[in-house]
Amino acid sequence: MIMNNIPGYLTAGDCELLHKFASGLNRKECTIIELGSLHGKSSSILAKAAPLASVFCIDPWYGNDSSVKGISEEKAKKLGWPVHGTRNTYEFFKENTKDCPNIIAMKTASPAGLQDLGLFDCDMVFLDAAHRNPSDRENIDFWLPRVKKGGIFAGHDYDDERFPDIVANVKYMSERLGKEVILTPGSLIWYFHV
């Protein structure tokens with residue numbers, strides 16, 4: 001099993017799928033972009049599966065409480081979710097990913113904070129940020145043209161009841177790419193081969 005002890009919202013199936021994607025990109029010339037890194041759970045999985053690749057983790061790390069309201073601490077611990085009082089901070093992320101030298105953390109909002117950086121093409125984008133528009137749609141429009149042919153554009157929390165904007169954005173991407181989304185049983189990750 002690929003899971004780690006960093007608090008986050010990934011299932012075992014999510015972790016396995018991210019590991020599979022990244023391990024196929026374990027080359028020095030490969031670049032993985034993660035939008036919304038929270039405490040580093042998925043960041044660590046991506047970086048350790050592809051230690052030769054560069055993993056850019058982009059998050060504003062606002063410092064807010066990242067626990068889910070209405071969930072008991074006992075249930076959160078059992079699920080591996082952040083418990084009440086777990087702050088979404090850059091410092092906590094850096095501590096959790098200190099054993100991943102190929103992570104380049106960027107404390108900024110995407111895409112607004114990246115407009116002047118002269119960004120590059122990438123092999124994979126993993127979108128797990130705001131879960132709502134206009135932010136997620138802006139990230140799709142900004143990053144999709146930067147994914148190399150044959151690369152992966154993936155995201156988390158494909159759930160029409162809780163996150164209708166994600167489902168709408170997946171439909172938007174499907175129409176734009178002329179491809180069907182790929183969903184995997186046991187995972188909330190959606191993805192396209194670009």
# chains A, B, ... in the order shown; residues from 1 in each chain; ligands from 1
>>> select_by_dssp(residues="range 4-182 of chain A", states="strand (DSSP E)", output="PyMOL selection string")
chain A and resi 31-35+54-59+103-107+122-127+147-155+182
>>> closest_atom_pairs(of="range 103-125 of chain A", to="range 13-28 of chain A", cutoff="12 Å", atoms="only C-alpha atoms", output="JSON lines")
{"residue": "A:Cys122", "atom": "CA", "partner": "A:Leu25", "partner_atom": "CA", "distance": 10.6}
{"residue": "A:Asp123", "atom": "CA", "partner": "A:Leu25", "partner_atom": "CA", "distance": 7.5}
{"residue": "A:Met124", "atom": "CA", "partner": "A:Ala22", "partner_atom": "CA", "distance": 8.2}
{"residue": "A:Val125", "atom": "CA", "partner": "A:Phe21", "partner_atom": "CA", "distance": 10.5}
>>> write_last_selection(atoms="N, CA, C and O atoms", output="short mmCIF file (atom, residue, chain, number, x, y, z; two decimals), in the first residue's frame")
data_model
loop_
_atom_site.label_atom_id
_atom_site.label_comp_id
_atom_site.auth_asym_id
_atom_site.auth_seq_id
_atom_site.Cartn_x
_atom_site.Cartn_y
_atom_site.Cartn_z
N CYS A 122 4.55 20.77 -19.04
CA CYS A 122 4.65 19.77 -17.97
C CYS A 122 4.09 18.43 -18.46
O CYS A 122 3.41 18.36 -19.48
N ASP A 123 4.40 17.39 -17.71
CA ASP A 123 3.98 16.04 -18.07
C ASP A 123 2.70 15.62 -17.36
O ASP A 123 2.00 14.73 -17.81
N MET A 124 2.41 16.28 -16.24
CA MET A 124 1.22 15.94 -15.47
C MET A 124 0.78 17.14 -14.66
O MET A 124 1.61 17.87 -14.11
N VAL A 125 -0.53 17.34 -14.58
CA VAL A 125 -1.13 18.31 -13.67
C VAL A 125 -2.11 17.54 -12.80
O VAL A 125 -2.91 16.74 -13.30
#
>>> residues_around(residues="Arg132 in chain A", least_positions_apart="6", cutoff="9 Å", atoms="only C-alpha atoms", output="VMD selection string")
chain A and resid 163 to 166
>>> write_last_selection(atoms="all heavy atoms", output="PDB file, in the first residue's frame")
ATOM      1  N   PHE A 163     -19.398  18.390  -5.016  1.00  0.00           N
ATOM      2  CA  PHE A 163     -18.579  19.295  -5.821  1.00  0.00           C
ATOM      3  C   PHE A 163     -19.088  19.372  -7.263  1.00  0.00           C
ATOM      4  O   PHE A 163     -18.432  18.898  -8.196  1.00  0.00           O
ATOM      5  CB  PHE A 163     -17.111  18.846  -5.803  1.00  0.00           C
ATOM      6  CG  PHE A 163     -16.530  18.731  -4.421  1.00  0.00           C
ATOM      7  CD1 PHE A 163     -16.176  17.498  -3.903  1.00  0.00           C
ATOM      8  CD2 PHE A 163     -16.344  19.861  -3.641  1.00  0.00           C
ATOM      9  CE1 PHE A 163     -15.637  17.385  -2.623  1.00  0.00           C
ATOM     10  CE2 PHE A 163     -15.805  19.760  -2.361  1.00  0.00           C
ATOM     11  CZ  PHE A 163     -15.460  18.519  -1.854  1.00  0.00           C
ATOM     12  N   PRO A 164     -20.249  19.988  -7.462  1.00  0.00           N
ATOM     13  CA  PRO A 164     -20.815  20.050  -8.815  1.00  0.00           C
ATOM     14  C   PRO A 164     -19.944  20.796  -9.822  1.00  0.00           C
ATOM     15  O   PRO A 164     -19.959  20.470 -11.014  1.00  0.00           O
ATOM     16  CB  PRO A 164     -22.171  20.738  -8.618  1.00  0.00           C
ATOM     17  CG  PRO A 164     -22.068  21.450  -7.306  1.00  0.00           C
ATOM     18  CD  PRO A 164     -21.108  20.649  -6.475  1.00  0.00           C
ATOM     19  N   ASP A 165     -19.158  21.779  -9.365  1.00  0.00           N
ATOM     20  CA  ASP A 165     -18.288  22.493 -10.296  1.00  0.00           C
ATOM     21  C   ASP A 165     -17.209  21.570 -10.868  1.00  0.00           C
ATOM     22  O   ASP A 165     -16.811  21.721 -12.025  1.00  0.00           O
ATOM     23  CB  ASP A 165     -17.629  23.702  -9.624  1.00  0.00           C
ATOM     24  CG  ASP A 165     -18.573  24.895  -9.501  1.00  0.00           C
ATOM     25  OD1 ASP A 165     -19.686  24.853 -10.060  1.00  0.00           O
ATOM     26  OD2 ASP A 165     -18.191  25.868  -8.825  1.00  0.00           O
ATOM     27  N   ILE A 166     -16.734  20.624 -10.071  1.00  0.00           N
ATOM     28  CA  ILE A 166     -15.730  19.683 -10.576  1.00  0.00           C
ATOM     29  C   ILE A 166     -16.329  18.844 -11.694  1.00  0.00           C
ATOM     30  O   ILE A 166     -15.719  18.675 -12.755  1.00  0.00           O
ATOM     31  CB  ILE A 166     -15.180  18.787  -9.440  1.00  0.00           C
ATOM     32  CG1 ILE A 166     -14.341  19.637  -8.479  1.00  0.00           C
ATOM     33  CG2 ILE A 166     -14.369  17.618 -10.011  1.00  0.00           C
ATOM     34  CD1 ILE A 166     -13.833  18.895  -7.265  1.00  0.00           C
TER      35      ILE A 166
END
>>> closest_residue(among="A:Leu177, A:Val167, A:Leu35, A:Ala12", to="Asn139 in chain A", atoms="only C-alpha atoms")
A:Leu35
>>> residues_around(residues="Pro145 in chain A", least_positions_apart="4", cutoff="10 Å", atoms="only C-alpha atoms", output="list in words")
Asp121, Cys122, Ile140, Asp141, Lys149 and Val194 of chain A
>>> closest_residue(among="A:Trp190, A:Pro101, A:Glu74, A:Thr108", to="Tyr62 in chain A", atoms="only C-alpha atoms")
A:Thr108
>>> select_by_dssp(residues="range 38-167 of chain A", states="alpha helix (DSSP H)", output="ChimeraX atom specification")
/A:41-49,73-79,90-96,135-143,164-167
>>> closest_residue(among="A:Asp136, A:Asp65, A:Asp128, A:Asp59", to="Ala105 in chain A", atoms="only C-alpha atoms")
A:Asp59
>>> closest_residue(among="A:Cys30, A:Ile2, A:Val170, A:Val68", to="Pro82 in chain A", atoms="only C-alpha atoms")
A:Val68
>>> closest_residue(among="A:Tyr191, A:Phe120, A:His84, A:Lys171", to="Arg146 in chain A", atoms="only C-alpha atoms")
A:Phe120
